[in-house]
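Quick notes on the structure that follows.
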Amino acid sequence: MAAFRFGFGRLNFHLLKKRSFLLLKLIAFVCSVLLFCEFLIYYLVILRCNWPEVKTPAHGGEQETLEPVLKAMFLADTHLLGEVRGHWLDKLRREWQMERAFQTALWLLQPEVVFILGDIFDEGKWSSPQAWADDVKRFQKMFRHPGHVQLKVVVGNHDIGFHYQMNRYRIKRFEKVFNPERLFSWKGINFVMVNSVALEGDGCNICSEAEAELMDISHKLNCSREEQHPGQCGEGPPLPASAPVLLQHFPLYRRSDANCSGEDAAPPEEKGIPFKERYDVLSREASQKLLWWLRPRLILSGHTHSGCEVLHGAGVPELSVPSFSWRNRNNPSFIMGSLTPTEYALAKCYLPLEDTVLTTYCAAAGFLVVLMLVHLGLVASPVLFGYKLLRKFKTV
């Protein structure tokens with residue numbers, strides 16, 4: 001009897017040891033999949049992105065000196081979900097994706113300035129004061145950055161509403177969190193950040209003030225380029241004599257995305273749909289005013305959630321920056337820009353595909369199910385099954 005009990009206890013010990021070893025393997029496998037899908041994949045994908053090279057000769061005698069190059073990131077349409085339309089699981093998944101992508105890009109690429117081209121929030125146009133405060137807190141956590149990296153934000157229609165929803169309260173609320181400056185100069189490069197929602201052209205007070213502000217900026221820019229006496233260019237130090245980079249949420253007027261191409265362009269069934277002025281794009285009149293007043297060398301915009309490159313006027317390029325969120329695209333991306341006062345070079349950096357992450361999770365779940373069935377004896381081991389099949393084949 002004692003020998004039987006000893007043998008039974010030994011059998012239980014081996015069974016427990018076997019199950020514990022299986023459990024450890026399962027935990028290690030699950031942790032490895034989570035580590036890959038939620039952390040490592042961002043490093044592996046963004047590590048392939050490199051800053052574009054820009055030629056920076058400045059003619060000063062026989063030797064060429066290099067102009068300083070500014071490294072800037074441009075992203076758009078983050079659409080942080082609010083309390084009305086935002087499901088908690090959707091918030092958790094998509095906002096974690098944006099946070100990991102942004103923090104990984106900051107660490108790997110080391111930009112000097114980051115521009116977000118509007119629609120920071122999804123429900124800023126109607127959110128309550130408490131909901132707004134909660135959304136801002138989440139944004140500041142997700143897009144935290146070192147002190148030496150500047151973060152500049154352009155307002156979008158989801159932040160303050162379209163023209164018929166926009167009011168001073170929402171604008172002031174937005175500008176209280178994000179610096180309201182419209183003109184930003186660094187390393188000899190001028191950036192003009194436009195509230196494109198206010199370019200309705202109907203003479204409303206907010207619209208008139210926005211246009212007056214742009215005309216003042218236009219005067220300062222033109223004055224700096226024409227090398228007039230500094231006292232004639234208004235108060236403050238003179239601006240760099242460099243054509244500006246125009247940043248806004250709405251694209252300048254174009255009929256549709258029919259001529260847009262690339263893997264992040266609009267789907268084929270949407271490309272031919274005509275754009276509505278003052279809703280999908282700026283009006284013809286507002287677009288012409290911006291081109292006349294500011295004479296930009298480059299334009300970057302958001303709003304459409306898809307990538308596109310078009311030329312305006314005398315060949316001024318505009319780049320529509322795709323959405324940064326999986327909620328709007330399966331293949332989000334951002335723009336990397338190397339800029340000098342006279343030249344620029346742009347490159348696109350893609351984030352991990354949402355389909356890749358979901359497929360990895362599904363494959364891992366399927367593997368776990370098969371492993372459990374094999375352990376329970378409900379399915380033959382693939383190795384044993386293959387061995388028996390091979391023996392059968394050899395004996396035939």
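By order in the structure tokens, chains are A, B, ...; within a chain, residues start at 1; ligands start at 1, following the order shown.
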
Please run DSSP on the backbone and report, as a PyMOL selection string, all residues within stretch 132-226 of chain A that come out as strand (DSSP E). chain A and resi 150-154+183-186+189-193

For A:Ser218, list every protein, DNA or RNA residue within 10 Å, evaluated using only C-alpha atoms, and leave out those in the same chain fewer than 6 positions away; present the list as a PyMOL selection string. chain A and resi 192+212+224+244+290+292-295

Preceding selection exported with C-alpha atoms as a PDB file, in the first residue's frame:
```
ATOM      1  CA  VAL A 192       2.707  80.274 -41.461  1.00  0.00           C
ATOM      2  CA  ALA A 212      -6.493  90.878 -41.377  1.00  0.00           C
ATOM      3  CA  SER A 224      11.714  90.896 -45.385  1.00  0.00           C
ATOM      4  CA  PRO A 244       7.290  80.557 -46.113  1.00  0.00           C
ATOM      5  CA  LEU A 290      -3.342  82.567 -49.611  1.00  0.00           C
ATOM      6  CA  TRP A 292      -1.164  85.797 -53.500  1.00  0.00           C
ATOM      7  CA  TRP A 293      -0.637  87.051 -49.960  1.00  0.00           C
ATOM      8  CA  LEU A 294       1.941  84.583 -48.697  1.00  0.00           C
ATOM      9  CA  ARG A 295       3.704  83.347 -51.855  1.00  0.00           C
TER      10      ARG A 295
END
```

Quick one: everything within 8 Å of stretch 66-77 of chain A, counting only C-alpha atoms, minus sequence neighbours fewer than 5 positions away in the same chain. Send it as a PyMOL selection string. chain A and resi 51+56-58+111-120+186-187+301-303+305+321-325+333-341
